[in-house]
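Chemist: Mind looking over this structure? Questions follow.
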Amino acid sequence: MKYIDMLMRSLSGQRRTLGSFTLRQRLSPARFLRGEGPETGPVALRQRRVFILPTRQGLLFAAILLLMLIGSINYDASLGYALTFLLAALSVVAMLHTYRNLLGLRVDIGPAEPVFCGETLRVPVTLENPAGQARFAVSLHFPEQTKAVCDVSADGWARVELPLSAKRRGRHALPRITLATVFPLGLFRAWAYAEFDARVLIYPRPARATSRPKDSAWQTDLSGDRGQGADDFAGLRNYHPGDSPGHVHWKTMARGQGLHTKQFGGDRAEELWLNWQATAGDTETRLSILTRWVLDADVAHYRYGLRLPDQTLPLAHEPQQRRRCLKALALFNGGESL
Amino acid sequence: MEHLRQALAWRWRQVERPQLWLLTGLTLALLPHVGRLPWLLVLPAALLLGWRLGFELKLLRLPPRALRWLLVGLAVAATWASYHTLIGRQAGVALLVIMLCLKLMEMDKPRDVAIVIGLSYFVVITVFLFDQSLLMGGYMLLVVTLLTTALTAFSRMNAKVPEHANLRLAATLLAQAAPLALLLFVLFPRIPGPLWHLPSDGGSAGTGLSETMSPGNISRLSDNDAVAFRVRFTGETPPQNRLYWRGLVLTSFDGRTWRNPNEARRGLGATRSFDYTAIGEPVRYTLTLEPHQRRWLFALDMPAGAPPRSTVSADVEIIANNSVKTLRQYTLQSYLDYRLDARHAPRDFAYLRLPPDTAPRARILAQQLRAESRDDADYVQRVLDFIRQQPFYYTRQPPLLLDDPVDEFLFDSRQGFCEHYASAFTVLMRAAGLPARVMTGYLGGENNPLGDYFIVRQSDAHAWSEVWLRGRGWVRVDPTAVIPPERVENRDDLERIDPAYAARTREAPDWAKRLWRKMGYGWDRVNNTWNQWIIGYDKDTQTAFLGRLGLENVDWQRMVSLLFIGLGLVVAVIALQLFRRRPARRDVVGETYARFCRKLARHGLPRKPAEGAQDYSERVIPCRPELAAQIRHITLLYQRLRYARSIPRDGLYHLQQAVRRFRP
């Protein structure tokens with residue numbers, strides 16, 4: 001499998017430089033099983049990447065047709081022949097329609113919001129239909145994941161959020177998307193693969209609420225509390241236009257004393273070093289604990305920093321800090337797969 | 001009341017539309033079988049369909065697994081009780097129908113739906129085993145369309161399309177499939193069936209002639225207008241009163257009933273070479289026989305051979321290898337004048353045998369008349385004269401003859417139809433020692449002026465006699481024909497028995513009757529064409545048709561390769577139509593502006609890549625100040641056409657004009 005993988009990679013690389021398939025590549029069974037390899041941008045489903053085979057229903061239909069033919073021969077029923085042939089012709093026509101239902105669609109993906117391990121990623125996928133006829137019941141799915149089904153109107157587009165369960169932390173290549181359809185009769189299934197050169201980020205699974213970091217991890221900076229923080233209530237001042245409505249002190253207003261804005265300290269509050277050394281257990285457990293601490297510290301509006309064996313993220317308290325820390329935890333020590 | 005109506009409307013909206021298409025299609029597919037199946041199965045099938053509808057209306061629940069199996073057992077038992085078998089055409093169809101309805105009780109997965117729809121298509125073909133008429137064909141096309149609609153509806157369950165869109169899609173698919181189907185129908189090599197011997201159906205009674213005849217037992221001759229067969233003559237058409245269509249010979253008589261003895265001998269290859277001399281020119285014709293579930297075929301008296309897959313019996317009956325279950329078409333030659341077995345008297349005493357103690361008065365009459373006559377031929381004439389002179393009447397409702405049918409008919413009642421006359425005449429022949437037999441078949445036929453062919457109906461069924469005379473062989477004698485017209489009770493019968501007399505005395509029919517008759521002929525002609533080209537399209541017709549297309553002597557290998565070439569071409573045409581690329585929409589505004597840019601480029605002022613129209617004009621104007629006004633005008637028009645919220649009227653025209661006039 002690994003070998004095929006490498007082969008495919010080299011093939012796809014070669015394709016990019018040559019710009020077209022050789023016959024050998026075109027007929028390669030690996031392409032049939034594994035698709036084209038990762039690529040960027042919208043993927044147009046052209047003839048060479050749309051495959052079609054009968055479904056189980058289609059095979060059943062064929063078996064019934066065979067029975068009907070035998071019956072017609074046996075009973076010399078001319079209308080029986082006619083019906084059998086009409087249905088056989090119908091299935092051929094249906095095959096063309098099924099193929100057309102997928103052909104020419106353009107698939108693209110958008111960035112997926114990172115999630116925690118164990119949750120479900122929602123990958124936004126857009127299907128663009130450049131043709132003058134609508135597409136119906138196009139199903140999309142990641143391998144072994146729930147399907148999403150959508151219709152695309154003529155000259156229109158559709159957007160679906162494709163679920164992908166996050167199983168391992170780290171940054172992973174987006175798996176291949178399978179697009180399939182059995183419309184209009186369910187006798188044939190046309191399918192195509194779209195594999196995008198995209199990564200998804202999965203944060204470690206946060207541990208259950210644990211004990212707070214040991215005291216040694218706490219440091220206090222008393223120079224703060226200038227009323228610009230967000231944690232500790234520090235007093236009231238007159239309202240200025242532009243103040244957050246969430247900080248308006250409604251009680252004083254209710255007492256008829258005018259609009260006041262609550263001021264908070266907290267920039268003075270405890271600074272928190274989330275330290276790898278302060279945790280115990282194997283790597284993943286420690287990462288889980290640290291993830292939990294990051295989330296708690298973020299909610300509690302601490303200034304916090306993260307010390308990992310291979311890097312240190314300085315103390316900060318800004319919206320990006322949470323993201324930065326979680327990413328560092330996700331990518332720690334081989335989180336970057338592939 | 002209003003409340004109930006609303007509740008029903010609500011439930012109706014709950015029904016999944018694909019299920020509704022399926023149930024409608026299935027019900028309509030089963031409908032033609034209703035008359036053929038016993039009530040023991042029809043009723044449960046209807047109940048099961050209703051149950052499913054109730055389930056879809058969210059009124060009922062589907063039965064649990066154990067009950068389903070119980071129902072399957074009951075269905076098999078009911079089928080067995082009705083037919084005493086589970087295979088064969090009738091029982092097989094019954095079992096299929098009831099099992100299909102039972103499958104509705106567990107239809108929740110797409111696979112179940114596929115099975116149900118596939119088997120529903122199969123039900124359609126089982127209807128064709130019984131009825132292949134034009135009307136049924138049209139009806140079943142509707143059913144197939146509905147079932148296909150169900151398939152399309154199931155394949156896009158959640159799409160927001162109006163329901164008639166599914167119907168239209170199914171019709172489109174079928175219309176695109178039609179040329180392929182036609183090609184397959186014409187070129188697919190026809191294999192003469194059956195592939196294996198089928199168990200005969202006990203229950204199916206055919207219409208038309210039977211192999212026994214008991215005059216006196218029936219008090220009323222049926223007036224069945226159903227078509228027995230149609231005939232098209234190539235060349236000259238014989239006169240109507242010579243159209244004796246030979247069917248089955250009845251030889252053995254037990255005093256009440258005439259029987260065909262060959263029924264027992266059949267299958268033993270009991271054909272005998274007979275001595276047959278044809279006189280004059282043969283008559284050629286193609287006969288299209290409606291299925292009658294029996295093995296005998298009909299031919300004009302006297303056929304000169306047997307069509308394929310049939311043999312000629314010792315009594316010159318044509319017996320098919322298998323019973324005629326579907327329309328059968330064959331071409332034959334007959335000689336109206338012939339000598340049959342003229343050289344040797346028949347050695348078989350069966351032609352002379354009369355049961356003792358029957359018809360004593362008839363025997364005395366025979367002795368008496370024979371004694372008076374010079375020879376056998378004279379005796380035949382004297383017997384016919386007896387019938388003509390004595391007050392014999394032709395009627396379709398004769399009295400029942402209880403004791404001795406022959407004597408009672410000849411001397412007491414003297415009322416009867418062809419069977420009575422043929423029976424009594426044959427008995428009189430045998431009583432005088434002349435070999436004689438009863439022949440059953442059809443007489444005459446109705447000429448369809450719109451299609452130039454004859455329609456022979458069940459009501460044209462007839463019986464006559466054959467007598468062996470020394471030196472002349474078997475001679476046909478029709479004692480019914482000697483009854484004078486005034487003693488024929490019914491005008492319609494007279495038309496058959498003595499067409500010439502009937503024609504002379506016929507009243508002119510009024511216009512409504514004429515129109516009605518004409519419409520009848522037209523409809524029969526359509527049916528005949530359907531029969532000839534669709535139902536009767538078998539191996540022989542196929543060869544003939546391909547020959548007319550210039551493909552003589554096509555063996556099946558060539559036929560298959562032709563078929564595949566044709567299929568490939570038709571599929572290619574359909575695919576081209578389906579996958580046709582839409583011509584790329586032209587960007588006329590951009591093209592016009594590009595022409596303007598090219599004109600400037602020829603004068604050494606090309607537009608840089610990614611240079612906006614505004615920047616371009618500002619860069620170019622200082623180089624060619626004399627063109628400033630034109631350049632500004634063109635640039636402004638272009639920008640407006642491209643970016644303005646409301647596109648200026650005639651803007652494109654003005655831009656095109658300006659660019660055309662622009663000469664740097």
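Chain labels run A, B, ... following the order of the structure tokens; each chain numbers its residues from 1, and ligands are numbered from 1 in the order shown.
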Can you work out which residues from chain B touch chain A at a cut-off of 7 Å (counting only C-alpha atoms) and hand them back as a ChimeraX atom specification?
Modeler: /B:111,114,118,122,125,128-129,132,151-152,155-156,159,173-174,176-178,180-181,184-185,191-195,326,534-535,537,575,579
Chemist: Using DSSP on the backbone coordinates, identify the residues of region 289-408 of chain B assigned to strand (DSSP E); present them as a list in words.
Modeler: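 Those in region 289-408 of chain B that DSSP calls strand (DSSP E) are Leu289, Trp296, Leu297, Ala299, Leu300, Ser310, Thr311, Val312, Ile318, Ile319, Ala320, Arg328, Gln329, Tyr330, Thr331, Leu332, Gln333, Ser334, Asp337, Tyr338, Arg339, Leu340, Tyr393 and Tyr394 of chain B.
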Chemist: Show me, as a count of residues only, the residues that have an atom within 9 Å of His317 (chain A) when counting only C-alpha atoms, minus same-chain residues fewer than 4 positions from it.
Modeler: 9
Chemist: Name the residues of region 192-423 of chain B that come out as alpha helix (DSSP H) in a backbone DSSP run; write them as a PyMOL selection string.
Modeler: chain B and resi 262-265+360-372+376-389+405-407+418-423
Chemist: Quick one: everything within 8 Å of Ile279 (chain B), counting only C-alpha atoms, minus sequence neighbours fewer than 3 positions away in the same chain. Send it as a list in words.
Modeler: Tyr335, Leu336, Asp337, Tyr338 and Arg339 of chain B
Chemist: Okay, now the selection with N, CA and C atoms, as a short mmCIF file (atom, residue, chain, number, x, y, z; two decimals), in the first residue's frame?
Modeler:
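What follows is the written file result-v6.cif:
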```
data_model
loop_
_atom_site.label_atom_id
_atom_site.label_comp_id
_atom_site.auth_asym_id
_atom_site.auth_seq_id
_atom_site.Cartn_x
_atom_site.Cartn_y
_atom_site.Cartn_z
N TYR B 335 -55.55 -26.70 -52.08
CA TYR B 335 -56.22 -26.93 -53.36
C TYR B 335 -57.69 -27.09 -53.08
N LEU B 336 -58.51 -26.28 -53.77
CA LEU B 336 -59.94 -26.36 -53.54
C LEU B 336 -60.51 -27.63 -54.16
N ASP B 337 -59.86 -28.13 -55.22
CA ASP B 337 -60.30 -29.38 -55.83
C ASP B 337 -59.19 -30.41 -55.64
N TYR B 338 -59.60 -31.59 -55.25
CA TYR B 338 -58.59 -32.59 -54.90
C TYR B 338 -59.22 -33.97 -54.91
N ARG B 339 -58.36 -34.95 -54.90
CA ARG B 339 -58.82 -36.32 -54.64
C ARG B 339 -58.00 -36.86 -53.49
#
```
